[in-house]
$ cat input-v1.cif   # mmCIF, C-alpha atoms and all ligand atoms
data_target
loop_
_atom_site.label_atom_id
_atom_site.label_comp_id
_atom_site.auth_asym_id
_atom_site.auth_seq_id
_atom_site.Cartn_x
_atom_site.Cartn_y
_atom_site.Cartn_z
CA MET S 1 26.70 -24.63 4.30
CA SER S 2 26.68 -26.45 7.65
CA PRO S 3 24.74 -29.71 8.05
CA GLU S 4 22.09 -27.83 10.09
CA SER S 5 21.47 -25.31 7.34
CA LYS S 6 18.05 -25.57 5.69
CA ARG S 7 17.13 -25.18 2.04
CA ILE S 8 14.56 -22.42 1.85
CA LEU S 9 12.42 -21.45 -1.12
CA ILE S 10 10.80 -18.03 -1.10
CA VAL S 11 8.11 -17.01 -3.57
CA GLY S 12 8.19 -13.27 -4.22
CA ALA S 13 11.10 -10.81 -4.12
CA GLY S 14 9.00 -7.99 -2.67
CA LEU S 15 9.63 -6.63 0.82
CA SER S 16 8.13 -9.73 2.48
CA GLY S 17 10.32 -12.22 0.64
CA ALA S 18 13.46 -10.07 0.80
CA VAL S 19 13.27 -9.42 4.56
CA VAL S 20 12.63 -13.07 5.50
CA GLY S 21 15.26 -14.21 2.99
CA ARG S 22 17.91 -11.92 4.40
CA MET S 23 17.27 -13.01 7.97
CA LEU S 24 17.46 -16.71 7.13
CA ALA S 25 20.54 -16.21 4.92
CA GLU S 26 22.32 -14.41 7.75
CA ALA S 27 21.48 -17.37 10.01
CA GLY S 28 23.34 -19.66 7.56
CA HIS S 29 20.45 -21.12 5.57
CA ALA S 30 20.50 -21.48 1.77
CA VAL S 31 17.82 -19.22 0.31
CA LYS S 32 16.40 -19.35 -3.19
CA ILE S 33 13.94 -16.62 -4.17
CA VAL S 34 11.77 -16.73 -7.29
CA ASP S 35 9.72 -13.87 -8.71
CA ARG S 36 7.75 -13.83 -11.94
CA ARG S 37 8.55 -10.16 -12.54
CA PRO S 38 11.76 -8.98 -14.23
CA HIS S 39 12.74 -6.94 -11.14
CA VAL S 40 12.87 -7.22 -7.35
CA ALA S 41 10.95 -5.03 -4.83
CA GLY S 42 7.44 -6.14 -5.85
CA ASN S 43 4.93 -3.32 -5.87
CA CYS S 44 7.42 -0.89 -4.32
CA HIS S 45 9.59 -1.08 -7.45
CA THR S 46 11.14 2.22 -8.57
CA GLU S 47 13.16 2.92 -11.69
CA ARG S 48 14.57 5.91 -13.57
CA ASP S 49 12.36 7.09 -16.40
CA ALA S 50 14.30 6.81 -19.68
CA ASP S 51 13.00 10.14 -21.06
CA THR S 52 13.25 12.44 -18.06
CA GLY S 53 15.65 10.75 -15.62
CA VAL S 54 13.01 11.04 -12.88
CA MET S 55 12.73 8.19 -10.36
CA VAL S 56 9.34 6.62 -11.03
CA HIS S 57 7.22 4.63 -8.56
CA VAL S 58 6.17 2.11 -11.19
CA TYR S 59 3.20 0.57 -9.32
CA GLY S 60 1.94 3.79 -7.75
CA PRO S 61 3.36 6.24 -5.20
CA HIS S 62 5.03 4.79 -2.11
CA ILE S 63 5.83 6.96 0.91
CA PHE S 64 7.57 5.34 3.86
CA HIS S 65 6.02 6.18 7.24
CA THR S 66 6.14 4.32 10.55
CA ASP S 67 6.19 4.53 14.33
CA ASP S 68 8.15 1.28 14.49
CA ALA S 69 11.71 2.22 15.45
CA GLU S 70 13.12 -1.23 14.64
CA VAL S 71 11.64 -1.14 11.14
CA TRP S 72 12.90 2.41 10.61
CA ASP S 73 16.43 1.35 11.68
CA TYR S 74 16.16 -1.70 9.44
CA VAL S 75 15.42 0.23 6.24
CA ASN S 76 18.01 2.87 7.12
CA GLY S 77 20.55 0.07 7.42
CA PHE S 78 20.21 -0.58 3.68
CA GLU S 79 19.49 2.86 2.24
CA THR S 80 19.64 6.55 3.14
CA PHE S 81 16.17 7.94 3.75
CA ARG S 82 15.63 11.62 2.93
CA PRO S 83 13.04 13.64 4.84
CA TYR S 84 9.72 13.64 3.00
CA ARG S 85 6.26 14.86 3.97
CA ASN S 86 3.24 13.68 1.99
CA ARG S 87 1.08 16.75 1.27
CA VAL S 88 -1.84 15.86 -0.95
CA LYS S 89 -4.10 18.27 -2.85
CA THR S 90 -7.48 17.62 -4.42
CA THR S 91 -9.36 19.19 -7.30
CA SER S 92 -13.08 19.26 -6.66
CA GLY S 93 -15.85 21.31 -8.26
CA GLY S 94 -13.36 23.48 -10.17
CA ALA S 95 -11.18 24.45 -7.19
CA VAL S 96 -8.04 23.07 -5.53
CA TYR S 97 -8.07 22.20 -1.83
CA SER S 98 -5.70 20.85 0.77
CA LEU S 99 -6.07 17.27 2.08
CA PRO S 100 -6.67 15.60 4.46
CA VAL S 101 -9.64 17.89 5.14
CA ASN S 102 -8.20 20.43 7.59
CA LEU S 103 -8.93 23.96 8.78
CA HIS S 104 -7.56 25.39 5.53
CA THR S 105 -9.83 23.11 3.46
CA ILE S 106 -12.89 24.07 5.52
CA ASN S 107 -12.13 27.80 5.33
CA GLN S 108 -11.45 27.62 1.57
CA PHE S 109 -14.52 25.52 0.90
CA TYR S 110 -16.97 27.69 2.87
CA GLY S 111 -15.14 31.00 2.21
CA ARG S 112 -14.74 31.57 5.97
CA THR S 113 -12.00 32.46 8.45
CA PHE S 114 -12.94 30.00 11.21
CA ARG S 115 -10.67 29.35 14.13
CA PRO S 116 -10.49 25.72 15.31
CA ALA S 117 -13.37 25.79 17.81
CA GLU S 118 -15.58 27.74 15.41
CA ALA S 119 -14.93 25.25 12.60
CA ARG S 120 -15.73 22.35 14.91
CA ALA S 121 -19.00 23.95 16.01
CA PHE S 122 -19.87 24.77 12.39
CA LEU S 123 -19.28 21.19 11.22
CA GLU S 124 -21.36 19.87 14.11
CA GLU S 125 -24.23 21.91 12.65
CA GLN S 126 -23.60 20.37 9.22
CA ALA S 127 -23.42 16.81 10.53
CA ASP S 128 -26.49 14.62 10.11
CA THR S 129 -27.30 13.81 13.72
CA THR S 130 -30.35 11.77 12.74
CA ILE S 131 -27.90 8.96 11.88
CA THR S 132 -27.40 7.26 15.23
CA ASP S 133 -26.11 3.89 14.05
CA PRO S 134 -23.98 4.45 10.92
CA ARG S 135 -23.69 1.24 8.92
CA THR S 136 -22.30 2.46 5.63
CA PHE S 137 -19.40 4.64 4.56
CA GLU S 138 -21.93 7.26 3.46
CA ASP S 139 -23.77 7.27 6.81
CA GLN S 140 -20.50 7.63 8.65
CA ALA S 141 -19.32 10.54 6.48
CA LEU S 142 -22.66 12.34 6.68
CA ARG S 143 -22.66 11.94 10.43
CA PHE S 144 -19.11 13.29 10.77
CA VAL S 145 -18.95 16.13 8.23
CA GLY S 146 -22.35 16.65 6.59
CA ARG S 147 -23.39 16.46 2.95
CA ASP S 148 -21.31 19.32 1.43
CA LEU S 149 -17.88 18.09 2.51
CA TYR S 150 -18.87 14.48 1.96
CA GLU S 151 -19.84 15.11 -1.65
CA ALA S 152 -16.83 17.30 -2.41
CA PHE S 153 -14.09 15.21 -0.79
CA PHE S 154 -15.25 11.67 -0.04
CA LYS S 155 -18.07 10.51 -2.25
CA GLY S 156 -16.68 10.66 -5.80
CA TYR S 157 -13.16 9.56 -4.89
CA THR S 158 -14.41 6.57 -2.89
CA GLN S 159 -16.86 5.57 -5.63
CA LYS S 160 -14.10 5.62 -8.26
CA GLN S 161 -11.60 3.85 -6.02
CA TRP S 162 -13.90 0.97 -5.04
CA GLY S 163 -16.19 0.87 -8.08
CA CYS S 164 -19.36 0.98 -5.98
CA SER S 165 -21.48 3.47 -4.12
CA PRO S 166 -20.21 4.50 -0.65
CA ARG S 167 -23.66 3.29 0.46
CA ASP S 168 -22.46 -0.25 -0.28
CA LEU S 169 -19.23 0.07 1.70
CA PRO S 170 -19.02 -0.59 5.44
CA ALA S 171 -18.80 2.32 7.90
CA SER S 172 -15.58 0.82 9.26
CA ILE S 173 -13.59 2.18 6.27
CA LEU S 174 -14.05 5.68 7.72
CA LYS S 175 -13.15 4.88 11.29
CA ARG S 176 -12.25 8.19 12.86
CA LEU S 177 -13.33 11.77 12.27
CA PRO S 178 -11.58 12.39 8.92
CA VAL S 179 -11.08 16.11 9.59
CA ARG S 180 -8.41 18.17 11.35
CA PHE S 181 -9.21 21.44 13.07
CA ASN S 182 -5.77 22.92 12.49
CA TYR S 183 -3.59 23.65 9.45
CA ASP S 184 -1.64 20.38 9.63
CA ASP S 185 -1.66 18.95 6.10
CA ASN S 186 0.92 16.20 6.72
CA TYR S 187 -0.94 13.16 5.40
CA PHE S 188 0.53 10.75 7.94
CA PHE S 189 0.84 11.03 11.73
CA HIS S 190 3.86 8.74 12.02
CA ARG S 191 7.06 9.71 13.81
CA PHE S 192 9.40 8.49 11.05
CA GLN S 193 8.69 9.46 7.43
CA GLY S 194 10.96 9.54 4.42
CA MET S 195 11.90 8.51 0.91
CA PRO S 196 14.80 6.24 -0.06
CA GLU S 197 17.41 8.39 -1.77
CA ASN S 198 18.00 5.92 -4.61
CA GLY S 199 14.54 4.38 -4.69
CA TYR S 200 13.05 1.24 -3.14
CA THR S 201 14.47 -1.20 -5.68
CA VAL S 202 18.06 -0.29 -4.79
CA MET S 203 17.18 -0.80 -1.14
CA VAL S 204 15.68 -4.24 -1.80
CA GLU S 205 18.65 -5.21 -4.01
CA ARG S 206 20.90 -4.46 -1.03
CA ILE S 207 18.71 -6.50 1.32
CA LEU S 208 19.05 -9.42 -1.13
CA ASP S 209 22.78 -8.97 -1.59
CA HIS S 210 24.03 -11.88 0.52
CA PRO S 211 26.14 -14.88 -0.49
CA ASN S 212 23.47 -17.31 0.78
CA ILE S 213 20.71 -15.79 -1.39
CA GLN S 214 20.04 -16.67 -5.03
CA VAL S 215 17.38 -14.66 -6.84
CA HIS S 216 15.65 -16.00 -9.97
CA LEU S 217 13.62 -13.35 -11.78
CA ASN S 218 11.13 -13.97 -14.61
CA THR S 219 10.40 -17.24 -12.81
CA ASP S 220 6.94 -18.45 -11.98
CA PHE S 221 6.59 -20.62 -8.90
CA ASP S 222 5.55 -24.17 -9.56
CA ARG S 223 4.37 -26.45 -6.73
CA ARG S 224 6.87 -29.06 -7.97
CA ASP S 225 9.67 -26.62 -6.97
CA MET S 226 8.93 -27.50 -3.33
CA ALA S 227 10.83 -30.76 -3.76
CA GLY S 228 14.34 -30.42 -2.45
CA HIS S 229 13.41 -27.60 -0.04
CA ASP S 230 12.82 -27.81 3.69
CA HIS S 231 10.38 -24.90 3.85
CA VAL S 232 8.58 -22.49 1.51
CA PHE S 233 7.71 -18.90 2.36
CA TYR S 234 4.99 -17.88 -0.05
CA SER S 235 4.19 -14.18 -0.60
CA GLY S 236 2.10 -14.78 -3.73
CA PRO S 237 -1.73 -14.77 -3.71
CA ILE S 238 -3.18 -17.34 -1.33
CA ASP S 239 -5.91 -18.33 -3.82
CA GLY S 240 -3.17 -18.79 -6.44
CA TRP S 241 -1.49 -21.40 -4.22
CA PHE S 242 -4.59 -23.55 -4.69
CA GLY S 243 -4.91 -22.81 -8.41
CA PHE S 244 -7.94 -20.54 -7.67
CA ASP S 245 -10.01 -23.72 -7.53
CA LEU S 246 -12.61 -22.28 -5.12
CA GLY S 247 -12.76 -19.00 -7.08
CA ARG S 248 -10.75 -15.79 -7.07
CA LEU S 249 -10.50 -13.40 -4.15
CA GLY S 250 -11.64 -9.95 -5.28
CA TYR S 251 -9.14 -7.13 -5.78
CA ARG S 252 -9.11 -3.69 -7.34
CA THR S 253 -6.42 -3.16 -9.91
CA LEU S 254 -4.95 0.08 -11.23
CA ASP S 255 -4.20 1.31 -14.74
CA PHE S 256 -1.58 4.02 -15.07
CA GLU S 257 -1.68 6.37 -18.06
CA ARG S 258 1.80 7.82 -18.35
CA PHE S 259 2.48 11.25 -19.83
CA THR S 260 5.42 13.63 -19.83
CA HIS S 261 5.73 17.39 -19.71
CA ASP S 262 8.53 19.97 -20.04
CA GLY S 263 8.88 21.72 -16.70
CA ASP S 264 6.39 21.31 -13.84
CA TRP S 265 2.88 20.12 -14.62
CA GLN S 266 0.86 20.27 -11.40
CA GLY S 267 3.27 21.64 -8.78
CA CYS S 268 2.84 18.78 -6.28
CA ALA S 269 3.39 15.03 -6.01
CA VAL S 270 -0.25 13.92 -5.67
CA MET S 271 -3.39 15.65 -6.93
CA ASN S 272 -6.64 13.79 -6.21
CA TYR S 273 -9.73 14.26 -8.34
CA GLY S 274 -12.93 14.07 -6.29
CA ASP S 275 -15.49 14.63 -9.06
CA VAL S 276 -17.24 11.52 -10.38
CA GLY S 277 -17.17 13.00 -13.90
CA VAL S 278 -13.36 12.75 -13.96
CA PRO S 279 -12.60 9.08 -14.67
CA PHE S 280 -9.26 8.89 -12.85
CA THR S 281 -8.73 9.10 -9.09
CA ARG S 282 -5.45 11.02 -9.02
CA ILE S 283 -2.41 12.23 -10.91
CA THR S 284 1.07 11.72 -9.51
CA GLU S 285 4.03 13.84 -10.61
CA HIS S 286 6.96 11.65 -9.73
CA LYS S 287 9.75 14.18 -9.53
CA TYR S 288 8.12 15.64 -6.42
CA PHE S 289 8.79 12.36 -4.60
CA ALA S 290 12.52 13.23 -4.79
CA PRO S 291 12.60 16.98 -4.01
CA TRP S 292 16.41 16.83 -3.58
CA GLU S 293 16.83 16.07 -7.30
CA GLU S 294 16.51 18.52 -10.18
CA HIS S 295 14.84 17.61 -13.47
CA GLU S 296 13.76 19.78 -16.37
CA GLY S 297 11.23 17.29 -17.69
CA SER S 298 8.45 15.66 -15.74
CA VAL S 299 6.71 12.30 -15.88
CA LEU S 300 3.20 11.80 -14.57
CA TYR S 301 0.67 8.99 -14.09
CA ARG S 302 -3.09 9.31 -14.32
CA GLU S 303 -4.42 6.53 -12.07
CA PHE S 304 -7.61 4.60 -12.90
CA SER S 305 -9.10 2.00 -10.59
CA ARG S 306 -11.15 -0.98 -11.76
CA ALA S 307 -12.09 -4.57 -10.91
CA CYS S 308 -9.13 -6.94 -11.15
CA GLU S 309 -9.44 -9.65 -13.83
CA PRO S 310 -7.29 -12.77 -14.24
CA GLY S 311 -3.93 -11.59 -15.62
CA ASP S 312 -4.15 -8.12 -13.96
CA ILE S 313 -1.98 -7.11 -11.05
CA PRO S 314 -4.00 -7.39 -7.82
CA TYR S 315 -3.61 -4.14 -5.83
CA TYR S 316 -6.26 -3.56 -3.18
CA PRO S 317 -8.03 -6.55 -1.53
CA ILE S 318 -11.77 -5.88 -1.39
CA ARG S 319 -12.44 -7.89 1.79
CA GLN S 320 -16.22 -7.51 1.79
CA MET S 321 -18.41 -10.26 3.24
CA ASN S 322 -18.23 -12.54 0.18
CA GLU S 323 -14.45 -12.29 -0.09
CA LYS S 324 -13.99 -12.93 3.62
CA ALA S 325 -16.12 -16.06 3.36
CA LEU S 326 -14.00 -17.33 0.46
CA LEU S 327 -10.83 -16.34 2.30
CA GLY S 328 -12.04 -18.41 5.28
CA GLN S 329 -12.28 -21.47 3.04
CA TYR S 330 -8.79 -20.97 1.63
CA LEU S 331 -7.42 -20.39 5.13
CA GLU S 332 -8.83 -23.65 6.36
CA ARG S 333 -7.10 -25.50 3.55
CA ALA S 334 -3.87 -23.55 4.00
CA GLN S 335 -3.73 -24.59 7.67
CA GLY S 336 -3.52 -28.18 6.46
CA GLU S 337 -0.45 -27.56 4.26
CA ARG S 338 2.92 -28.64 5.54
CA HIS S 339 6.28 -26.87 5.26
CA VAL S 340 4.78 -23.67 3.87
CA THR S 341 4.17 -20.28 5.48
CA PHE S 342 1.97 -17.66 3.80
CA LEU S 343 2.95 -14.04 4.31
CA GLY S 344 2.74 -10.53 2.92
CA ARG S 345 -0.10 -8.61 1.36
CA LEU S 346 -1.04 -11.34 -1.15
CA GLY S 347 -0.30 -14.37 1.01
CA THR S 348 -2.63 -13.06 3.73
CA TYR S 349 -5.01 -11.06 1.48
CA ARG S 350 -4.70 -7.81 3.44
CA TYR S 351 -3.73 -4.23 2.60
CA LEU S 352 -0.38 -3.77 4.35
CA ASP S 353 1.76 -0.66 4.44
CA MET S 354 5.46 -1.23 3.89
CA ASP S 355 6.37 -0.83 7.54
CA VAL S 356 3.80 -3.42 8.61
CA THR S 357 5.00 -5.75 5.84
CA ILE S 358 8.57 -5.50 7.15
CA ARG S 359 7.49 -5.90 10.79
CA GLU S 360 5.54 -9.06 9.96
CA ALA S 361 8.38 -10.45 7.84
CA LEU S 362 10.90 -9.87 10.66
CA ASP S 363 8.59 -11.60 13.14
CA CYS S 364 7.97 -14.46 10.69
CA GLY S 365 11.70 -15.02 10.10
CA ARG S 366 12.40 -14.99 13.84
CA ARG S 367 9.66 -17.49 14.47
CA TYR S 368 11.20 -19.86 11.94
CA LEU S 369 14.68 -19.48 13.40
CA ALA S 370 13.37 -20.15 16.92
CA ASP S 371 11.71 -23.44 15.92
CA PRO S 372 11.85 -24.44 12.25
CA ASP S 373 10.10 -27.75 12.81
CA SER S 374 6.86 -26.26 14.12
CA MET S 375 6.50 -23.38 11.70
CA PRO S 376 2.77 -22.62 11.18
CA ALA S 377 1.05 -21.73 7.89
CA PHE S 378 0.48 -18.18 9.20
CA THR S 379 2.31 -16.11 11.80
CA VAL S 380 -0.52 -13.52 11.73
CA ASP S 381 -4.28 -14.06 11.51
CA PRO S 382 -5.40 -12.99 8.01
CA LEU S 383 -9.02 -12.53 9.16
C1 LIG S 401 -1.04 1.72 -5.16
C2 LIG S 401 -0.36 1.37 -3.89
C3 LIG S 401 0.28 2.36 -3.18
C4 LIG S 401 0.92 2.05 -1.98
N1 LIG S 401 1.51 3.07 -1.29
C5 LIG S 401 2.10 2.80 -0.12
C6 LIG S 401 2.68 3.86 0.64
O1 LIG S 401 2.63 5.03 0.25
N2 LIG S 401 3.27 3.53 1.81
C7 LIG S 401 3.33 2.24 2.28
O2 LIG S 401 3.88 2.02 3.36
N3 LIG S 401 2.81 1.23 1.58
C8 LIG S 401 2.19 1.47 0.39
N4 LIG S 401 1.65 0.44 -0.33
C9 LIG S 401 1.79 -0.95 0.16
C10 LIG S 401 3.05 -1.68 -0.36
O3 LIG S 401 2.99 -1.78 -1.76
C11 LIG S 401 3.10 -3.08 0.30
O4 LIG S 401 3.28 -2.92 1.68
C12 LIG S 401 4.23 -3.98 -0.20
O5 LIG S 401 4.32 -4.01 -1.59
C13 LIG S 401 4.00 -5.42 0.28
O6 LIG S 401 5.09 -6.22 -0.08
P1 LIG S 401 4.92 -7.79 -0.34
O7 LIG S 401 6.28 -8.33 -0.53
O8 LIG S 401 4.05 -8.40 0.69
O9 LIG S 401 4.08 -7.88 -1.71
P2 LIG S 401 4.48 -7.52 -3.20
O10 LIG S 401 5.21 -6.22 -3.24
O11 LIG S 401 3.22 -7.62 -3.99
O12 LIG S 401 5.47 -8.67 -3.64
C14 LIG S 401 5.01 -9.97 -3.97
C15 LIG S 401 5.85 -10.49 -5.11
O13 LIG S 401 5.52 -11.85 -5.35
C16 LIG S 401 5.59 -12.10 -6.74
N5 LIG S 401 4.76 -13.27 -7.02
C17 LIG S 401 3.46 -13.45 -6.71
N6 LIG S 401 3.05 -14.67 -7.10
C18 LIG S 401 4.10 -15.28 -7.67
C19 LIG S 401 4.31 -16.57 -8.26
N7 LIG S 401 3.32 -17.49 -8.32
N8 LIG S 401 5.52 -16.85 -8.76
C20 LIG S 401 6.53 -15.95 -8.71
N9 LIG S 401 6.40 -14.72 -8.15
C21 LIG S 401 5.20 -14.39 -7.63
C22 LIG S 401 5.05 -10.83 -7.36
O14 LIG S 401 5.52 -10.69 -8.69
C23 LIG S 401 5.62 -9.76 -6.43
O15 LIG S 401 6.83 -9.22 -6.91
C24 LIG S 401 0.95 0.72 -1.50
C25 LIG S 401 0.30 -0.28 -2.23
C26 LIG S 401 -0.37 0.05 -3.38
C27 LIG S 401 -1.13 -1.04 -4.10
#

$ encode --input "input-v1.cif" --output "structure tokens"
Amino acid sequence: MSPESKRILIVGAGLSGAVVGRMLAEAGHAVKIVDRRPHVAGNCHTERDADTGVMVHVYGPHIFHTDDAEVWDYVNGFETFRPYRNRVKTTSGGAVYSLPVNLHTINQFYGRTFRPAEARAFLEEQADTTITDPRTFEDQALRFVGRDLYEAFFKGYTQKQWGCSPRDLPASILKRLPVRFNYDDNYFFHRFQGMPENGYTVMVERILDHPNIQVHLNTDFDRRDMAGHDHVFYSGPIDGWFGFDLGRLGYRTLDFERFTHDGDWQGCAVMNYGDVGVPFTRITEHKYFAPWEEHEGSVLYREFSRACEPGDIPYYPIRQMNEKALLGQYLERAQGERHVTFLGRLGTYRYLDMDVTIREALDCGRRYLADPDSMPAFTVDPL
């Protein structure tokens, strides 16, 4: 190490911590990364199922999609990405439909043979035009697609996912018209889409494979660990940094009920369940995430969503008014901390796709390298 090299502590070996760590290690700094889990890659962690040999997305399905060419080049520098298109189905009212709601879904649902303009005109008749100023998720959906499609495809799923009525969720969750008037059932619009051939954990292990990086797994961060380090990059929960002393930021957590099957069970990677009477939101059949592999057996997860309690894994930040107010208080305190930068989905209490996580981590690392002595608590605004 040269005399200019800094001693960096990173909390979290997910994508945020790994990408910043790699950049600083390549610049000659000494990087120590701690993670309380027994593996790297955070929530993107993948591993081979012992019974079936299938690559399992342990914390829920992860599909890589981006328009960011630098991020796409970055991940391809550490792992081969195979072409993958996310095509989701849903079971609702005893029938299977294609998602996102597209011309096929509309024609199946109404038993029609509409062409695009006809379907658009038909849905305009279904839409509730009395709603001029939609404030809730429900208003917004009724205004866009009418009651039938809303109840079949949006209402039950949203209620199960968020644990509250869509009437209590803001309209902003359903920003654009959630319907396509063609047969395009590719879930994402992004230019680059794919799956890592050997899973995300292998990719993250390669990102971390640098002589200046030491990774300590099964290791909880302790504020006393800051001593002896020039700077901390913290990708754990921001409220956790302060010992949750103002209260806990609200999250939804997920429970996965694993089951196996000989052969194919549902014929696709993701099957949503829109009916409120079905307690889970979706079933994922993991072998379909790696269509280039062949497996006799199959492993599946039923996914249940519920309020996150202390000790659960926080998945989706709720970010309603109350949570944002509490976040504001934590942010104010965080701004006063020295030699620490908060990043990633937990450090900034935001839902972030993987590509955005990597983009923000690259920008954060660059900012530090440009001027380590004036590194702020945040390089993005969490509000
Ligand atoms: C169900 C689900 C599905 C998703 N699907 C997709 C998808 O299809 N496509 C997509 O692009 N993105 C998807 N995402 C988003 C993706 O998971 C995130 O972008 C990514 O995980 C963020 O990485 P991160 O490093 O910021 O956080 P994390 O992956 O959460 O990593 C943070 C790490 O910090 C560790 N940690 C926290 N606190 C401490 C502490 N005090 N001490 C030690 N270690 C600590 C944790 O153990 C964890 O490993 C999905 C997310 C969820 C929840």

$ residues_around --input "input-v1.cif" --residues "region 16-22 of chain S" --least-positions-apart "3" --cutoff "6 Å" --atoms "all atoms listed in the file" --output "VMD selection string"
chain S and resid 12 to 13 25 208 344 361 365

$ closest_residue --input "input-v1.cif" --among "S:Arg345, S:Arg48, S:Arg224, S:Arg143" --to "ligand LIG 401 (chain S)" --atoms "all atoms listed in the file"
S:Arg345

$ closest_residue --input "input-v1.cif" --among "S:Val278, S:Val40, S:Ile283, S:Val31" --to "ligand LIG 401 (chain S)" --atoms "all atoms listed in the file"
S:Val40

$ atom_distance --input "input-v1.cif" --atom1 "CA of Met321 (chain S)" --atom2 "atom O15 of ligand LIG 401 (chain S)"
27.2 Å

$ atom_distance --input "input-v1.cif" --atom1 "CA of Leu15 (chain S)" --atom2 "CA of Ser172 (chain S)"
27.6 Å

$ residues_near_ligand --input "input-v1.cif" --ligand "ligand LIG 401 (chain S)" --cutoff "6 Å" --atoms "only C-alpha atoms and all ligand atoms" --output "number ranges by chain"
S: 11-17, 34-37, 42-44, 60-64, 219-221, 235-237, 315-316, 344-345, 352-355, 357

$ residues_near_point --input "input-v1.cif" --point "(-19.4, 15.9, 1.7)" --cutoff "12 Å" --atoms "all atoms listed in the file" --output "mmCIF file with C-alpha atoms, keeping the file's coordinate frame"
data_model
loop_
_atom_site.group_PDB
_atom_site.id
_atom_site.type_symbol
_atom_site.label_atom_id
_atom_site.label_comp_id
_atom_site.auth_asym_id
_atom_site.auth_seq_id
_atom_site.Cartn_x
_atom_site.Cartn_y
_atom_site.Cartn_z
ATOM 1 C CA SER S 92 -13.080 19.260 -6.660
ATOM 2 C CA GLY S 93 -15.850 21.310 -8.260
ATOM 3 C CA VAL S 101 -9.640 17.890 5.140
ATOM 4 C CA ILE S 106 -12.890 24.070 5.520
ATOM 5 C CA PHE S 109 -14.520 25.520 0.900
ATOM 6 C CA LEU S 123 -19.280 21.190 11.220
ATOM 7 C CA GLN S 126 -23.600 20.370 9.220
ATOM 8 C CA ALA S 127 -23.420 16.810 10.530
ATOM 9 C CA ASP S 128 -26.490 14.620 10.110
ATOM 10 C CA PHE S 137 -19.400 4.640 4.560
ATOM 11 C CA GLU S 138 -21.930 7.260 3.460
ATOM 12 C CA ASP S 139 -23.770 7.270 6.810
ATOM 13 C CA GLN S 140 -20.500 7.630 8.650
ATOM 14 C CA ALA S 141 -19.320 10.540 6.480
ATOM 15 C CA LEU S 142 -22.660 12.340 6.680
ATOM 16 C CA ARG S 143 -22.660 11.940 10.430
ATOM 17 C CA PHE S 144 -19.110 13.290 10.770
ATOM 18 C CA VAL S 145 -18.950 16.130 8.230
ATOM 19 C CA GLY S 146 -22.350 16.650 6.590
ATOM 20 C CA ARG S 147 -23.390 16.460 2.950
ATOM 21 C CA ASP S 148 -21.310 19.320 1.430
ATOM 22 C CA LEU S 149 -17.880 18.090 2.510
ATOM 23 C CA TYR S 150 -18.870 14.480 1.960
ATOM 24 C CA GLU S 151 -19.840 15.110 -1.650
ATOM 25 C CA ALA S 152 -16.830 17.300 -2.410
ATOM 26 C CA PHE S 153 -14.090 15.210 -0.790
ATOM 27 C CA PHE S 154 -15.250 11.670 -0.040
ATOM 28 C CA LYS S 155 -18.070 10.510 -2.250
ATOM 29 C CA GLY S 156 -16.680 10.660 -5.800
ATOM 30 C CA TYR S 157 -13.160 9.560 -4.890
ATOM 31 C CA THR S 158 -14.410 6.570 -2.890
ATOM 32 C CA PRO S 166 -20.210 4.500 -0.650
ATOM 33 C CA PRO S 178 -11.580 12.390 8.920
ATOM 34 C CA VAL S 179 -11.080 16.110 9.590
ATOM 35 C CA GLY S 274 -12.930 14.070 -6.290
ATOM 36 C CA ASP S 275 -15.490 14.630 -9.060
#

$ closest_residue --input "input-v1.cif" --among "S:Leu217, S:Val380, S:Ala307, S:Leu24" --to "Gln161 (chain S)" --atoms "only C-alpha atoms"
S:Ala307

$ atom_distance --input "input-v1.cif" --atom1 "CA of Ile131 (chain S)" --atom2 "CA of Ala117 (chain S)"
23.0 Å

$ residues_around --input "input-v1.cif" --residues "Trp292 (chain S)" --least-positions-apart "3" --cutoff "9 Å" --atoms "only C-alpha atoms" --output "ChimeraX atom specification"
/S:82,197,288-289

$ closest_residue --input "input-v1.cif" --among "S:Ala334, S:Ile318, S:Met195, S:Ala121" --to "Leu169 (chain S)" --atoms "all atoms listed in the file"
S:Ile318
